[in-house]
Structures are given as structure tokens and as C-alpha cells.
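**Q** The file below is model00.cif, mmCIF, C-alpha atoms and all ligand atoms:
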```cif
data_target
loop_
_atom_site.label_atom_id
_atom_site.label_comp_id
_atom_site.auth_asym_id
_atom_site.auth_seq_id
_atom_site.Cartn_x
_atom_site.Cartn_y
_atom_site.Cartn_z
CA VAL A 1 -27.75 -159.67 87.03
CA ASP A 2 -31.25 -160.96 86.33
CA ARG A 3 -32.80 -160.13 89.69
CA GLU A 4 -36.08 -161.86 88.87
CA GLN A 5 -34.31 -165.11 87.95
CA GLU A 6 -32.22 -164.96 91.13
CA ILE A 7 -35.31 -164.64 93.33
CA ILE A 8 -37.10 -167.46 91.51
CA GLU A 9 -34.05 -169.69 92.09
CA ARG A 10 -34.04 -168.85 95.81
CA ILE A 11 -37.70 -169.81 96.04
CA ALA A 12 -37.06 -173.06 94.14
CA ARG A 13 -34.13 -173.99 96.41
CA LYS A 14 -36.15 -173.56 99.61
CA LEU A 15 -39.31 -175.23 98.37
CA ARG A 16 -37.93 -178.05 96.24
CA THR A 17 -40.34 -181.00 95.99
CA ARG A 18 -38.99 -183.85 98.14
CA ASN A 19 -40.25 -187.30 99.13
CA LEU A 20 -43.81 -186.70 98.12
CA GLY A 21 -44.14 -190.22 96.75
CA HIS A 22 -47.42 -190.79 94.99
CA GLU A 23 -48.47 -187.13 95.24
CA ALA A 24 -45.39 -185.99 93.35
CA SER A 25 -46.09 -188.49 90.59
CA ARG A 26 -49.10 -186.38 89.68
CA LEU A 27 -46.74 -183.52 88.91
CA VAL A 28 -45.82 -183.73 85.24
CA LEU A 29 -44.00 -180.39 85.13
CA GLY A 30 -43.13 -178.11 88.05
CA MET A 31 -41.56 -174.65 88.27
CA GLY A 32 -39.62 -173.03 85.45
CA ASP A 33 -41.87 -173.08 82.39
CA ASP A 34 -44.84 -170.88 81.43
CA ALA A 35 -47.16 -173.06 83.54
CA ALA A 36 -47.14 -176.21 85.66
CA ILE A 37 -48.74 -179.47 84.49
CA LEU A 38 -50.66 -181.69 86.93
CA ARG A 39 -52.07 -185.08 85.96
CA LEU A 40 -55.04 -185.72 88.22
CA SER A 41 -56.63 -188.29 85.91
CA ARG A 42 -55.59 -190.29 82.86
CA ARG A 43 -57.96 -188.30 80.69
CA SER A 44 -56.45 -184.85 80.94
CA ASP A 45 -53.61 -182.71 82.25
CA PHE A 46 -54.34 -179.58 84.26
CA VAL A 47 -52.18 -176.64 83.28
CA VAL A 48 -51.89 -173.99 86.01
CA SER A 49 -50.23 -170.59 86.30
CA CYS A 50 -50.56 -167.34 88.25
CA ASP A 51 -49.76 -163.75 87.43
CA ALA A 52 -49.50 -160.48 89.36
CA PHE A 53 -50.67 -157.24 87.74
CA LEU A 54 -49.68 -154.29 89.93
CA GLU A 55 -50.34 -150.56 89.94
CA ASN A 56 -47.18 -148.53 89.18
CA VAL A 57 -45.34 -151.68 88.14
CA HIS A 58 -47.42 -153.01 85.26
CA PHE A 59 -49.96 -150.21 84.82
CA LEU A 60 -50.66 -146.64 85.92
CA ALA A 61 -54.14 -146.40 87.41
CA ASP A 62 -54.53 -142.75 86.40
CA SER A 63 -53.43 -143.27 82.76
CA HIS A 64 -54.64 -146.74 81.85
CA PRO A 65 -58.43 -147.18 81.50
CA ALA A 66 -59.88 -149.33 84.30
CA ALA A 67 -61.55 -151.59 81.71
CA SER A 68 -58.16 -152.25 80.14
CA VAL A 69 -56.63 -153.12 83.53
CA GLY A 70 -59.38 -155.72 84.10
CA TYR A 71 -59.20 -157.12 80.58
CA LYS A 72 -55.44 -157.28 80.41
CA SER A 73 -55.00 -158.88 83.83
CA LEU A 74 -56.80 -162.01 82.58
CA ALA A 75 -55.43 -161.87 79.02
CA ARG A 76 -51.79 -161.80 80.17
CA ALA A 77 -52.26 -164.59 82.71
CA THR A 78 -54.03 -166.75 80.12
CA SER A 79 -51.25 -166.19 77.59
CA ASP A 80 -49.13 -168.57 79.70
CA LEU A 81 -51.74 -171.29 79.08
CA ALA A 82 -51.64 -170.51 75.34
CA ALA A 83 -47.86 -170.93 75.53
CA MET A 84 -48.36 -174.54 76.70
CA GLY A 85 -51.03 -175.26 74.07
CA ALA A 86 -53.66 -175.64 76.82
CA THR A 87 -57.37 -174.80 76.64
CA PRO A 88 -58.28 -172.18 79.30
CA ARG A 89 -61.11 -173.22 81.66
CA PHE A 90 -61.19 -171.51 85.08
CA PHE A 91 -59.64 -168.63 87.01
CA LEU A 92 -59.36 -167.30 90.56
CA LEU A 93 -59.12 -163.57 91.30
CA SER A 94 -57.30 -162.07 94.27
CA LEU A 95 -57.94 -158.31 94.25
CA ALA A 96 -56.70 -155.61 96.63
CA LEU A 97 -57.90 -152.01 96.17
CA PRO A 98 -57.63 -148.57 97.74
CA ALA A 99 -61.04 -147.20 98.88
CA LYS A 100 -61.04 -144.59 96.08
CA ARG A 101 -61.06 -147.38 93.44
CA THR A 102 -64.12 -149.21 94.75
CA GLY A 103 -66.74 -147.13 92.90
CA LYS A 104 -66.84 -146.42 89.16
CA TRP A 105 -63.25 -147.61 88.71
CA LEU A 106 -64.13 -151.08 90.01
CA ASP A 107 -67.26 -151.25 87.80
CA GLN A 108 -65.17 -150.54 84.72
CA PHE A 109 -62.40 -152.92 85.84
CA LEU A 110 -64.98 -155.70 86.22
CA SER A 111 -66.54 -154.93 82.82
CA GLY A 112 -63.13 -155.36 81.19
CA LEU A 113 -62.43 -158.53 83.15
CA ALA A 114 -65.84 -159.96 82.18
CA GLN A 115 -65.22 -159.12 78.54
CA ALA A 116 -61.92 -161.03 78.62
CA ALA A 117 -63.52 -163.99 80.43
CA ARG A 118 -66.28 -164.20 77.78
CA GLY A 119 -63.79 -163.99 74.91
CA LEU A 120 -61.49 -166.60 76.44
CA ARG A 121 -64.44 -168.77 77.56
CA MET A 122 -63.21 -168.85 81.16
CA VAL A 123 -65.23 -169.11 84.37
CA LEU A 124 -64.37 -167.33 87.65
CA VAL A 125 -64.51 -169.95 90.43
CA GLY A 126 -63.28 -168.04 93.48
CA GLY A 127 -60.81 -165.60 94.93
CA ASP A 128 -60.20 -163.07 97.66
CA THR A 129 -60.43 -159.31 98.20
CA ALA A 130 -58.61 -156.90 100.51
CA GLU A 131 -57.86 -153.20 100.96
CA ASN A 132 -54.45 -151.94 99.89
CA SER A 133 -52.85 -148.57 99.09
CA GLN A 134 -52.38 -149.63 95.44
CA VAL A 135 -54.39 -151.76 93.03
CA THR A 136 -53.04 -155.31 93.23
CA VAL A 137 -54.47 -157.97 90.91
CA ASN A 138 -53.43 -161.61 91.25
CA LEU A 139 -54.89 -164.16 88.89
CA THR A 140 -54.60 -167.93 88.93
CA VAL A 141 -55.55 -169.54 85.64
CA ILE A 142 -56.36 -173.18 85.04
CA GLY A 143 -56.39 -174.85 81.66
CA GLU A 144 -56.57 -178.33 80.25
CA ALA A 145 -54.49 -180.30 77.78
CA GLU A 146 -54.57 -183.84 76.42
CA PRO A 147 -52.10 -185.92 78.46
CA GLY A 148 -48.57 -185.46 77.22
CA ARG A 149 -49.51 -182.90 74.56
CA ALA A 150 -48.60 -179.64 76.34
CA ILE A 151 -45.63 -177.88 74.72
CA LEU A 152 -42.65 -177.07 76.95
CA ARG A 153 -39.88 -174.50 76.57
CA SER A 154 -37.30 -177.26 76.68
CA GLY A 155 -37.92 -179.22 73.46
CA ALA A 156 -36.05 -177.14 70.85
CA ARG A 157 -33.32 -179.02 68.94
CA PRO A 158 -30.54 -177.82 66.59
CA GLY A 159 -31.92 -177.41 63.08
CA ASP A 160 -35.46 -176.57 64.20
CA ALA A 161 -36.96 -173.48 62.57
CA ILE A 162 -38.01 -170.56 64.81
CA TYR A 163 -41.44 -169.05 64.20
CA VAL A 164 -43.34 -166.17 65.71
CA SER A 165 -47.01 -165.24 65.40
CA GLY A 166 -48.37 -161.78 64.61
CA THR A 167 -46.49 -158.47 64.59
CA LEU A 168 -43.92 -157.60 67.26
CA GLY A 169 -43.46 -154.28 69.06
CA GLN A 170 -47.08 -153.13 68.78
CA ALA A 171 -47.73 -153.26 72.52
CA GLN A 172 -44.54 -151.36 73.29
CA LEU A 173 -45.48 -148.67 70.76
CA GLY A 174 -48.84 -148.31 72.56
CA LEU A 175 -47.08 -148.02 75.91
CA GLU A 176 -44.73 -145.33 74.52
CA LEU A 177 -47.82 -143.32 73.52
CA VAL A 178 -49.31 -143.65 77.02
CA LEU A 179 -46.04 -142.63 78.68
CA ARG A 180 -45.88 -139.55 76.41
CA LYS A 181 -49.54 -138.73 77.15
CA LEU A 182 -50.45 -139.11 73.47
CA HIS A 183 -53.02 -141.81 74.18
CA ARG A 184 -55.98 -139.44 74.36
CA ASN A 185 -55.26 -138.15 70.84
CA SER A 186 -57.94 -139.73 68.62
CA ARG A 187 -55.40 -140.02 65.80
CA TRP A 188 -53.49 -142.80 67.59
CA GLN A 189 -56.36 -144.83 69.09
CA LYS A 190 -55.82 -147.80 66.79
CA LEU A 191 -52.19 -148.07 67.90
CA LEU A 192 -53.23 -148.55 71.55
CA LYS A 193 -55.23 -151.73 71.09
CA ALA A 194 -52.32 -154.20 71.33
CA HIS A 195 -51.14 -152.51 74.54
CA LEU A 196 -54.54 -152.10 76.24
CA TYR A 197 -56.44 -155.17 74.96
CA PRO A 198 -53.95 -157.91 73.97
CA GLN A 199 -55.27 -161.15 72.46
CA PRO A 200 -53.55 -164.28 73.76
CA ARG A 201 -53.05 -166.88 71.01
CA ILE A 202 -55.21 -169.62 72.50
CA ALA A 203 -56.37 -171.15 69.19
CA LEU A 204 -52.88 -171.21 67.70
CA GLY A 205 -51.29 -172.72 70.84
CA GLY A 206 -53.92 -175.45 71.13
CA TRP A 207 -53.70 -176.24 67.45
CA LEU A 208 -49.89 -176.58 67.57
CA ALA A 209 -50.20 -178.90 70.59
CA ARG A 210 -52.91 -181.15 69.08
CA ARG A 211 -50.93 -181.56 65.86
CA ARG A 212 -47.63 -181.96 67.76
CA LEU A 213 -46.12 -179.40 65.40
CA ALA A 214 -44.07 -177.32 67.86
CA SER A 215 -41.02 -178.80 69.60
CA ALA A 216 -40.86 -175.88 72.10
CA MET A 217 -42.96 -172.80 72.80
CA ILE A 218 -43.07 -169.67 74.98
CA ASP A 219 -45.29 -166.58 74.91
CA LEU A 220 -43.70 -163.19 74.27
CA SER A 221 -44.36 -161.33 77.51
CA ASP A 222 -41.00 -159.66 78.12
CA GLY A 223 -39.76 -159.17 74.55
CA LEU A 224 -38.31 -161.41 71.83
CA SER A 225 -34.68 -160.98 72.98
CA THR A 226 -35.49 -162.05 76.55
CA ASP A 227 -38.05 -164.77 75.81
CA LEU A 228 -35.98 -166.40 73.04
CA THR A 229 -33.07 -166.48 75.50
CA ARG A 230 -35.32 -168.26 78.04
CA LEU A 231 -36.48 -170.83 75.48
CA CYS A 232 -32.88 -171.48 74.37
CA GLU A 233 -31.63 -171.83 77.95
CA ALA A 234 -34.43 -174.28 78.81
CA SER A 235 -33.62 -176.34 75.69
CA GLY A 236 -29.82 -176.14 76.07
CA VAL A 237 -29.39 -174.68 72.58
CA GLY A 238 -28.63 -171.39 70.79
CA ALA A 239 -30.25 -169.56 67.89
CA ARG A 240 -29.57 -167.65 64.71
CA LEU A 241 -32.05 -164.82 64.38
CA ARG A 242 -32.51 -163.09 61.00
CA LEU A 243 -33.14 -159.41 61.66
CA GLY A 244 -34.66 -158.77 58.22
CA GLN A 245 -37.32 -161.46 58.82
CA ILE A 246 -38.63 -160.13 62.14
CA PRO A 247 -42.23 -158.92 61.65
CA ALA A 248 -41.72 -155.52 63.29
CA VAL A 249 -44.41 -152.91 63.97
CA THR A 250 -44.73 -149.98 61.56
CA VAL A 251 -44.23 -146.61 63.24
CA PRO A 252 -46.45 -144.06 61.41
CA ALA A 253 -44.73 -141.06 59.80
CA GLY A 254 -46.55 -138.76 62.23
CA LEU A 255 -44.66 -140.36 65.13
CA ARG A 256 -41.15 -140.36 63.61
CA ARG A 257 -40.19 -137.43 65.87
CA LEU A 258 -40.38 -139.80 68.84
CA GLY A 259 -37.28 -141.57 67.49
CA LEU A 260 -38.65 -145.07 68.08
CA ASP A 261 -36.80 -147.82 66.19
CA PRO A 262 -39.30 -150.48 64.97
CA LEU A 263 -36.69 -153.25 65.30
CA ARG A 264 -35.84 -152.26 68.87
CA LEU A 265 -39.56 -152.23 69.69
CA ALA A 266 -39.85 -155.71 68.14
CA LEU A 267 -36.75 -157.16 69.82
CA ASP A 268 -37.04 -155.67 73.29
CA GLY A 269 -40.64 -154.47 73.56
CA GLY A 270 -42.76 -156.43 76.03
CA GLU A 271 -46.35 -157.58 76.30
CA ASP A 272 -47.09 -158.59 72.71
CA TYR A 273 -48.37 -161.98 73.98
CA GLU A 274 -47.61 -163.54 70.62
CA LEU A 275 -46.24 -167.11 70.52
CA LEU A 276 -42.61 -167.96 69.82
CA PHE A 277 -42.18 -171.61 68.85
CA THR A 278 -39.82 -174.02 67.14
CA VAL A 279 -40.66 -176.57 64.44
CA HIS A 280 -38.70 -179.58 63.17
CA PRO A 281 -37.87 -179.02 59.44
CA ARG A 282 -40.15 -181.98 58.58
CA GLY A 283 -43.12 -180.17 60.13
CA GLU A 284 -42.75 -176.87 58.30
CA LYS A 285 -44.74 -177.82 55.21
CA GLU A 286 -47.68 -179.00 57.30
CA LEU A 287 -47.42 -175.83 59.38
CA HIS A 288 -47.84 -173.64 56.32
CA THR A 289 -50.59 -175.60 54.58
CA ALA A 290 -52.62 -176.14 57.75
CA ALA A 291 -52.09 -172.66 59.24
CA ALA A 292 -54.19 -171.19 56.44
CA SER A 293 -57.19 -173.09 57.85
CA LEU A 294 -56.82 -171.66 61.37
CA ARG A 295 -59.94 -169.77 62.33
CA GLY A 296 -59.49 -166.01 62.10
CA GLY A 297 -56.15 -166.49 60.39
CA VAL A 298 -52.85 -165.68 62.05
CA LYS A 299 -49.62 -164.49 60.49
CA LEU A 300 -46.72 -166.89 61.13
CA THR A 301 -43.17 -165.78 60.31
CA ARG A 302 -39.98 -167.85 60.23
CA ILE A 303 -37.34 -165.69 61.93
CA GLY A 304 -34.35 -168.04 62.27
CA GLU A 305 -33.03 -171.43 63.29
CA ILE A 306 -31.99 -173.22 66.45
CA THR A 307 -28.24 -173.91 66.67
CA ARG A 308 -26.07 -176.25 68.70
CA LYS A 309 -23.82 -173.43 69.92
CA LYS A 310 -25.40 -171.90 73.05
CA GLN A 311 -25.42 -168.32 71.85
CA ILE A 312 -27.99 -166.15 70.14
CA ILE A 313 -26.64 -164.60 66.98
CA LEU A 314 -28.38 -161.77 65.18
CA VAL A 315 -27.85 -161.93 61.41
CA VAL A 316 -28.16 -158.61 59.60
CA SER A 317 -28.55 -159.04 55.83
CA ASP A 318 -25.79 -156.59 54.88
CA GLY A 319 -23.56 -156.78 57.90
CA ARG A 320 -21.65 -158.94 60.30
CA PRO A 321 -23.53 -161.19 62.72
CA THR A 322 -23.70 -159.77 66.22
CA SER A 323 -24.65 -161.47 69.44
CA LEU A 324 -28.04 -160.63 70.94
CA ARG A 325 -28.39 -159.64 74.57
CA PRO A 326 -31.66 -160.09 76.39
CA GLY A 327 -32.93 -156.50 76.55
CA GLY A 328 -36.54 -157.19 77.27
CA TRP A 329 -38.93 -154.96 79.01
CA VAL A 330 -38.59 -154.55 82.74
CA HIS A 331 -41.77 -152.56 83.18
CA PHE A 332 -41.53 -149.14 84.82
CA ARG A 333 -37.91 -149.69 85.70
CA PRO A 334 -37.02 -146.27 87.18
CA ARG A 335 -39.59 -146.73 89.93
CA MET A 336 -38.64 -150.29 90.72
CA ARG A 337 -35.84 -152.18 92.37
CA TRP A 338 -36.85 -155.28 90.51
CA ARG A 339 -39.92 -156.29 88.65
MG MG B 401 -44.93 -166.80 79.72
#
```
The structure in this file should be written as C-alpha cells.
**A**
Amino acid sequence: VDREQEIIERIARKLRTRNLGHEASRLVLGMGDDAAILRLSRRSDFVVSCDAFLENVHFLADSHPAASVGYKSLARATSDLAAMGATPRFFLLSLALPAKRTGKWLDQFLSGLAQAARGLRMVLVGGDTAENSQVTVNLTVIGEAEPGRAILRSGARPGDAIYVSGTLGQAQLGLELVLRKLHRNSRWQKLLKAHLYPQPRIALGGWLARRRLASAMIDLSDGLSTDLTRLCEASGVGARLRLGQIPAVTVPAGLRRLGLDPLRLALDGGEDYELLFTVHPRGEKELHTAAASLRGGVKLTRIGEITRKKQIILVVSDGRPTSLRPGGWVHFRPRMRWR
């Protein structure tokens, strides 16, 4: 049972929008996607989302650097705006801390948060603070999109190609190093970056939205197997995923003894914050020619196709197709009843 989904549905049932008349007409898209869309004027849509980042659920305050906790809290929240193709603008911070984290730890947390805000060109406009036994970060992020241009999870159609940005499984590999206390070894520092300082794909998401190239999009926060399942469910379709095409992380020879399977990291590893999107076959040529001009350059890989049959099939080049189960990351599961 997907406990998270069940709780979200209970919330939606109790708080369903009813009889709001004119007010509700300003709601373009409510619960259930990466972010909500509000149309407060004819000139732009506001794209809004919030995200909780919790000690012992999403990070370990004694293992993860405080600067990374600050940076990542904003990066992961903003990734949901990237997933809609929105331009990030503002954020609100609700922060609860134990007394022992209010000194140097807080300074470093704020440095990381400020670094992310500068990089994402976002402005803090308010928030709240409180004391709590564990570090609790809640971020509300507000972005902007041209009216009607935001990309939903629900637009994928049979025949559309499935694309993913970047390399998958890197963040999970970094987490595995932290959990095994290998993260202080200077040899593996480069492998930690995707886990500690993820880069949401703002430019790519906005570009896809402006050119109307993607029919559906979601960010990879919980792993390809889980997030592709969500996109397919929202669109009422299935998918054929080609295992050999998945751009999986390379596990260095020096870490082979850990027994980590790059494809498992890529399929089920969480927190890559890459974009998963679908493209009508007519748009693929434009995607490839124009993607080369994207600032900074970003690797785009075609990993399969959308199908009519509501099932996700994994195609292995030399074997029989098998069906894919959502096996995405559920954070520090042993400590948690649900995420
Ligand atoms: Mg998301």
C-alpha cells in the first residue's frame, strides 16, 4: 500500500474545493501535480508548491553538512517548479530548530540556503521560526509561467517518446556513501555533489514549456520507477522503458565491493531532481536540434515510449520484457512508519 498516496487522498476528500464561484475560477490546477497553478491576472500564472525537509527523515543532522541541508531544502522544493516549466521567483521559510542548532549550525545552514537562493534567483519574502526537538524545514516556493504554458503530469499520449535529463542514480550513490560513513574520504568527494548539492533543471523546464515541446513532465524526486508510474497514472497511459537506454550512474571500481547495481540506483534511487518528460514524435527533431543551444548544455536521453496499455514494461535488450514495479526511495525507511 502506498501510505503517502492514501494520506494525500484523505486530505483531498476532506478539503475538496466546493462552491467557491469566482474564487475557484482562479485555480487553474489544484492538488495532485508537482505544483498548483493560480491565475491571478491575465498576464501570468502563479505556480506554487511546498516541501518538508526533516531531520532523520530526509537528512541526518550529524552526518549531512549544515550548508548542504540549507542548500538542498530550497533546491528540492524548487525542482517542483522546474517540473512545471515555471520560473522561480519567491520563497517562504518555516524553520524549527533545537537550541543546540542555533549557533554555528544555523550559520552554515543559512549560507547554504543563501547560495541556493542566489543560484536560483529567488527572494525570501517571509516565514516563521519555532523551537523543536529536531530540525524541521518547510519551504513554500512561488514561480511564474506564461498563462496556459505550464506542463502537467497528465498530458502524455500513446506514441509519445519518453526523455530524461542528466544521469540517474548519482544522488542515491552519494547517499549510500554517507550511510556507510565513506563521505569523509577525500577520494569520493566528487560523488557526493549530486546528493548534497542537487541542481534543479530550471532552464530546461522553462525552455520546454516556452516551446511547448513536452506533453507531460515530472521531476525525479523519488526515483524513475516511482515517478514514471505517477506520470503514467496521471495521464491514463502506460510505458515501455528500454533498460539499455537508461543513463545510469557509473560506480567506480574502488566501490564495487559495496555491491551497488548502477541500474537499480538509476531506477529506484531518489533525489536526482532530473526531469522526466514526454514528447510527441513530431517534436523530437526540434528537441534535439534546439537542445544543443541550451545554456550550459544538458544531456537528454530517450528511454522509451508511452503506450496505450496501462502498464509499465521494462525491455531488456537480450531478454524477455518484465513489468516494472514502483520501487522508489522511501527515505530512511527503517526509522519511519511512512514518509
Ligand atoms: Mg515533484
**Q** At a cut-off of 12 Å and counting all atoms listed in the file, what residues surround ligand MG 401 (chain B)? Please answer as a ChimeraX atom specification.
**A** /A:32-36,48-51,75-85,152-153,200-201,217-224,226-228,230-231,270-276
**Q** Between CA of Ala156 (chain A) and CA of Pro262 (chain A), what is the distance in Å, rounded to a tenth?
**A**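 Those two atoms sit 27.5 Å apart.
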**Q** Kindly give the distance, in Å, that separates CA of Leu124 (chain A) and CA of Leu196 (chain A), rounded to a single decimal.
**A**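 Result for CA of Leu124 (chain A) versus CA of Leu196 (chain A): 21.4 Å, one decimal.
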**Q** Find, counting only C-alpha atoms, the residue in A:Leu255, A:Ala117, A:Val57, A:Leu314 that gets nearest to Gly70 (chain A).
**A** A:Ala117
**Q** Just the residues within 12 Å of Leu191 (chain A), please, counting all atoms listed in the file, with nothing from its chain fewer than 3 positions along; format it as a PyMOL selection string.
**A** chain A and resi 169-178+182-188+194-198+249-252+255
**Q** Which residues, written as number ranges by chain, have at least one atom at most 12 Å from Arg16 (chain A), with only C-alpha atoms counted and residues fewer than 6 positions away on the same chain left out?
**A** A: 8-10, 24, 30-31
**Q** Which residue gives the smallest distance to Ile306 (chain A) among A:Ser215, A:Ser165, A:Ser111, A:Asn56, with all atoms listed in the file counted?
**A**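 Of all the options, A:Ser215 lies closest to Ile306 (chain A).
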**Q** Hey, can you check how far CA of Gln189 (chain A) sits from CA of Leu95 (chain A)?
**A**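 We find that CA of Gln189 (chain A) and CA of Leu95 (chain A) lie 28.6 Å from each other.
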**Q** With distances taken over only C-alpha atoms, which residue among A:Val164, A:Ala239, A:Leu74, A:Ile303 lies nearest Leu139 (chain A)?
**A** A:Leu74
**Q** Around all of region 280-296 of chain A's listed atoms, make the axis-aligned box with 6 Å on each side and tell me centre and edge lengths in Å to one decimal, as lines of an AutoDock Vina configuration file.
**A**
```
center_x = -48.9
center_y = -174.0
center_z = 58.9
size_x = 34.1
size_y = 28.0
size_z = 20.6
```
**Q** Counting all atoms listed in the file, figure out which residue out of A:Gly148, A:Pro98, A:Gly304, A:Gly143 gets nearest to Phe46 (chain A).
**A**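 Once distances to Phe46 (chain A) are computed over all atoms listed in the file, the minimum belongs to A:Gly143.
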**Q** With distances taken over only C-alpha atoms, which of A:Asp45, A:Glu286, A:Asp261, A:Asp2 is nearest to Pro147 (chain A)?
**A** A:Asp45
**Q** Skip Arg212 (chain A) itself and residues of its chain fewer than 2 positions away, then list as a compact mmCIF listing (two decimals) with C-alpha atoms, keeping the file's coordinate frame all residues within 9 Å of it, counting all atoms listed in the file.
**A**
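The resulting selection_22.txt:
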```txt
# COMPACT_ATOMS: atom_id res chain seq x y z
CA ARG A 149 -49.51 -182.90 74.56
CA ALA A 150 -48.60 -179.64 76.34
CA ILE A 151 -45.63 -177.88 74.72
CA TRP A 207 -53.70 -176.24 67.45
CA LEU A 208 -49.89 -176.58 67.57
CA ALA A 209 -50.20 -178.90 70.59
CA ARG A 210 -52.91 -181.15 69.08
CA ALA A 214 -44.07 -177.32 67.86
CA SER A 215 -41.02 -178.80 69.60
```
**Q** Neighbourhood query: residues within 9 Å of (-28.5, -164.8, 64.2), file coordinates, counting all atoms listed in the file; return as a list in words.
**A**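 The answer, in the requested form, is Ala239, Arg240, Leu241, Arg242, Leu243, Gly304, Glu305, Gln311, Ile312, Ile313, Leu314, Val315, Val316, Pro321, Thr322, Ser323 and Leu324 of chain A.
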**Q** Of the candidates A:Leu40, A:Leu213, A:Leu287, A:Ala66, which one gets nearest to Trp105 (chain A) if we count all atoms listed in the file?
**A**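 Of A:Leu40, A:Leu213, A:Leu287, A:Ala66, the one nearest Trp105 (chain A) is A:Ala66, counting all atoms listed in the file.
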**Q** I'd like the contact shell of Val135 (chain A) - 6 Å cut-off, all atoms listed in the file, skipping same-chain residues fewer than 3 positions apart - returned as JSON, numbers by chain.
**A** {"A": [55, 96, 97]}
